[in-house]
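Source file: coords-v1.cif. Holds: mmCIF, C-alpha atoms, pLDDT in the B column; chains and numbers go by the auth columns.
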data_target
#
loop_
_atom_site.group_PDB
_atom_site.id
_atom_site.type_symbol
_atom_site.label_atom_id
_atom_site.label_comp_id
_atom_site.label_asym_id
_atom_site.label_seq_id
_atom_site.Cartn_x
_atom_site.Cartn_y
_atom_site.Cartn_z
_atom_site.B_iso_or_equiv
_atom_site.auth_seq_id
_atom_site.auth_asym_id
ATOM 1 C CA MET A 1 9.571 -23.134 13.792 76.00 13 A
ATOM 2 C CA LEU A 2 5.819 -23.776 13.894 82.00 14 A
ATOM 3 C CA THR A 3 5.306 -20.811 16.194 88.00 15 A
ATOM 4 C CA ARG A 4 7.016 -18.546 13.675 90.00 16 A
ATOM 5 C CA LEU A 5 5.069 -20.067 10.790 89.00 17 A
ATOM 6 C CA LYS A 6 1.795 -19.531 12.651 92.00 18 A
ATOM 7 C CA GLU A 7 2.754 -15.898 13.332 92.00 19 A
ATOM 8 C CA GLU A 8 3.663 -15.234 9.701 91.00 20 A
ATOM 9 C CA PHE A 9 0.362 -16.612 8.439 91.00 21 A
ATOM 10 C CA ALA A 10 -1.523 -14.626 11.089 93.00 22 A
ATOM 11 C CA LYS A 11 -0.076 -11.431 9.604 94.00 23 A
ATOM 12 C CA HIS A 12 -2.221 -12.230 6.552 94.00 24 A
ATOM 13 C CA ASP A 13 -5.297 -13.190 8.613 93.00 25 A
ATOM 14 C CA ILE A 14 -4.776 -16.906 8.002 92.00 26 A
ATOM 15 C CA ASP A 15 -5.252 -19.253 10.951 94.00 27 A
ATOM 16 C CA ILE A 16 -3.183 -22.307 10.046 91.00 28 A
ATOM 17 C CA THR A 17 -4.418 -24.169 13.130 93.00 29 A
ATOM 18 C CA THR A 18 -7.668 -24.856 11.258 91.00 30 A
ATOM 19 C CA ILE A 19 -5.773 -26.870 8.639 89.00 31 A
ATOM 20 C CA PRO A 20 -5.407 -30.578 9.463 88.00 32 A
ATOM 21 C CA ILE A 21 -1.833 -31.791 9.900 86.00 33 A
ATOM 22 C CA THR A 22 -0.904 -35.267 8.686 85.00 34 A
ATOM 23 C CA MET A 23 2.215 -36.923 10.045 82.00 35 A
ATOM 24 C CA ASP A 24 3.861 -40.248 9.420 77.00 36 A
ATOM 25 C CA SER A 25 3.837 -42.422 12.529 73.00 37 A
ATOM 26 C CA TRP A 26 7.542 -43.097 12.032 69.00 38 A
ATOM 27 C CA TYR A 27 8.485 -39.470 12.795 73.00 39 A
ATOM 28 C CA VAL A 28 5.819 -38.241 15.193 77.00 40 A
ATOM 29 C CA SER A 29 6.456 -38.122 18.906 82.00 41 A
ATOM 30 C CA GLU A 30 4.305 -37.345 21.928 84.00 42 A
ATOM 31 C CA PRO A 31 6.211 -34.099 22.634 87.00 43 A
ATOM 32 C CA LEU A 32 5.589 -32.956 19.037 86.00 44 A
ATOM 33 C CA LYS A 33 1.867 -33.725 19.309 85.00 45 A
ATOM 34 C CA GLN A 34 1.662 -31.833 22.607 88.00 46 A
ATOM 35 C CA ALA A 35 3.515 -28.853 21.106 89.00 47 A
ATOM 36 C CA LEU A 36 1.007 -28.773 18.240 89.00 48 A
ATOM 37 C CA TYR A 37 -1.936 -28.910 20.655 90.00 49 A
ATOM 38 C CA LYS A 38 -0.364 -26.091 22.650 93.00 50 A
ATOM 39 C CA LEU A 39 -0.159 -23.958 19.479 92.00 51 A
ATOM 40 C CA GLY A 40 -3.859 -24.559 18.833 93.00 52 A
ATOM 41 C CA PHE A 41 -3.791 -27.387 16.288 91.00 53 A
ATOM 42 C CA THR A 42 -6.641 -29.801 16.980 87.00 54 A
ATOM 43 C CA LYS A 43 -6.829 -31.794 13.730 88.00 55 A
ATOM 44 C CA ILE A 44 -3.722 -33.962 13.909 84.00 56 A
ATOM 45 C CA ILE A 45 -3.734 -37.131 11.845 82.00 57 A
ATOM 46 C CA VAL A 46 -1.042 -39.718 12.509 79.00 58 A
ATOM 47 C CA VAL A 47 -0.782 -42.449 9.887 76.00 59 A
ATOM 48 C CA GLY A 48 1.238 -45.568 9.289 67.00 60 A
ATOM 49 C CA LYS A 49 1.708 -46.874 5.780 62.00 61 A
ATOM 50 C CA SER A 50 3.499 -50.151 6.206 61.00 62 A
ATOM 51 C CA ASN A 51 0.542 -52.500 5.888 65.00 63 A
ATOM 52 C CA TYR A 52 -2.268 -51.297 3.621 66.00 64 A
ATOM 53 C CA VAL A 53 -4.949 -53.957 3.174 70.00 65 A
ATOM 54 C CA PHE A 54 -7.484 -53.881 0.339 70.00 66 A
ATOM 55 C CA ASN A 55 -10.586 -55.961 -0.223 73.00 67 A
ATOM 56 C CA ASP A 56 -12.113 -56.462 -3.682 73.00 68 A
ATOM 57 C CA GLY A 57 -15.261 -58.010 -2.222 78.00 69 A
ATOM 58 C CA LYS A 58 -13.912 -61.550 -2.464 81.00 70 A
ATOM 59 C CA VAL A 59 -10.266 -61.447 -1.417 79.00 71 A
ATOM 60 C CA LYS A 60 -8.613 -59.379 1.311 82.00 72 A
ATOM 61 C CA GLN A 61 -4.849 -58.977 1.068 80.00 73 A
ATOM 62 C CA THR A 62 -2.014 -56.485 1.370 78.00 74 A
ATOM 63 C CA ALA A 63 -1.223 -53.937 -1.331 73.00 75 A
ATOM 64 C CA SER A 64 2.096 -55.644 -2.077 75.00 76 A
ATOM 65 C CA GLN A 65 0.261 -58.885 -2.833 79.00 77 A
ATOM 66 C CA TRP A 66 -2.312 -57.134 -5.043 72.00 78 A
ATOM 67 C CA LYS A 67 0.518 -55.467 -7.005 74.00 79 A
ATOM 68 C CA LYS A 68 1.801 -58.927 -7.960 79.00 80 A
ATOM 69 C CA GLU A 69 -1.621 -60.066 -9.211 77.00 81 A
ATOM 70 C CA ILE A 70 -3.225 -57.034 -10.851 72.00 82 A
ATOM 71 C CA GLU A 71 -2.453 -56.234 -14.475 71.00 83 A
ATOM 72 C CA TYR A 72 -2.273 -52.456 -14.860 63.00 84 A
ATOM 73 C CA ASN A 73 -3.511 -50.735 -17.991 63.00 85 A
ATOM 74 C CA SER A 74 -1.627 -47.472 -18.563 62.00 86 A
ATOM 75 C CA THR A 75 -4.497 -45.973 -20.582 63.00 87 A
ATOM 76 C CA HIS A 76 -6.755 -46.039 -17.511 58.00 88 A
ATOM 77 C CA TRP A 77 -4.621 -43.867 -15.237 60.00 89 A
ATOM 78 C CA GLY A 78 -5.319 -40.219 -14.537 62.00 90 A
ATOM 79 C CA ILE A 79 -8.400 -38.072 -14.492 60.00 91 A
ATOM 80 C CA ASP A 80 -9.975 -35.933 -17.213 63.00 92 A
ATOM 81 C CA VAL A 81 -11.630 -33.458 -14.827 59.00 93 A
ATOM 82 C CA PRO A 82 -9.812 -30.116 -14.456 58.00 94 A
ATOM 83 C CA ALA A 83 -8.385 -29.412 -11.004 56.00 95 A
ATOM 84 C CA GLN A 84 -9.307 -26.250 -9.088 54.00 96 A
ATOM 85 C CA SER A 85 -6.859 -24.402 -6.888 53.00 97 A
ATOM 86 C CA PHE A 86 -8.254 -22.849 -3.714 54.00 98 A
ATOM 87 C CA TYR A 87 -5.458 -20.310 -3.477 51.00 99 A
ATOM 88 C CA PRO A 88 -5.063 -17.203 -5.672 50.00 100 A
#
Show the structure stored in the file as C-alpha cells.
Amino acid sequence: MLTRLKEEFAKHDIDITTIPITMDSWYVSEPLKQALYKLGFTKIIVVGKSNYVFNDGKVKQTASQWKKEIEYNSTHWGIDVPAQSFYP
C-alpha cells in the first residue's frame, strides 16, 4: 500500500518520504519500520500516549491527575489567529 501511495505522489513530483510519519507505539512493529526505511522514509516518529506527565514549575504529575484539579474556563479555549493551508 505505501509503495503504491509513494508512486502515485511521485507522478505529481511529490516525494512523500520527506514527510515525517508519526505512529502510535501500540500499532508499530519492527517489520513495518524496516519497510518504511526501505521505501526511503527516514523521519519516523513512534510515540506512546499512555502516561503524559506535566510540570507547572511546582508540581509534576500525570495528565489524568491534572484534569481532576484544574478548573477549565471555556472562554479561554481556541485561537484567534487565522490558519494557513500549505496545499492549494
- Message: Take the PyMOL selection byres ((chain A and resi 18) around 12), run it mentally on this structure, and tell me the resulting residues as a PyMOL selection string.
- Response: chain A and resi 13-17+19-31+48+51-53
Export of the given selection (C-alpha atoms) as a compact mmCIF listing (two decimals), in the frame of the given file:
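Once everything was written out, this is part_7.txt:
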# COMPACT_ATOMS: atom_id res chain seq x y z
CA MET A 13 9.57 -23.13 13.79
CA LEU A 14 5.82 -23.78 13.89
CA THR A 15 5.31 -20.81 16.19
CA ARG A 16 7.02 -18.55 13.68
CA LEU A 17 5.07 -20.07 10.79
CA GLU A 19 2.75 -15.90 13.33
CA GLU A 20 3.66 -15.23 9.70
CA PHE A 21 0.36 -16.61 8.44
CA ALA A 22 -1.52 -14.63 11.09
CA LYS A 23 -0.08 -11.43 9.60
CA HIS A 24 -2.22 -12.23 6.55
CA ASP A 25 -5.30 -13.19 8.61
CA ILE A 26 -4.78 -16.91 8.00
CA ASP A 27 -5.25 -19.25 10.95
CA ILE A 28 -3.18 -22.31 10.05
CA THR A 29 -4.42 -24.17 13.13
CA THR A 30 -7.67 -24.86 11.26
CA ILE A 31 -5.77 -26.87 8.64
CA LEU A 48 1.01 -28.77 18.24
CA LEU A 51 -0.16 -23.96 19.48
CA GLY A 52 -3.86 -24.56 18.83
CA PHE A 53 -3.79 -27.39 16.29
Enclose the full set of atoms of stretch 40-53 of chain A listed in the file within a box whose edges lie along x, y and z, apply 3 Å of padding to each of the six sides, and report centre and edge lengths in Å to one decimal as lines of an AutoDock Vina configuration file.
center_x = 1.3
center_y = -31.1
center_z = 18.9
size_x = 16.3
size_y = 20.3
size_z = 13.5
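Picture a line from atom CA of A:Thr34 to atom CA of A:Tyr49; it runs 13.6 Å.
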- How many Å lie between atom CA of A:Phe66 and atom CA of A:Lys79, rounded to one decimal?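 Computed distance, atom CA of A:Phe66 to atom CA of A:Lys79, equals 11.0 Å.
Going from atom CA of A:Val58 over to atom CA of A:Gln46, you cover 13.1 Å.
Closest to A:Asp36 among A:Lys80, A:Lys50, A:Ile57, A:Lys70 is A:Ile57, based on all atoms listed in the file.
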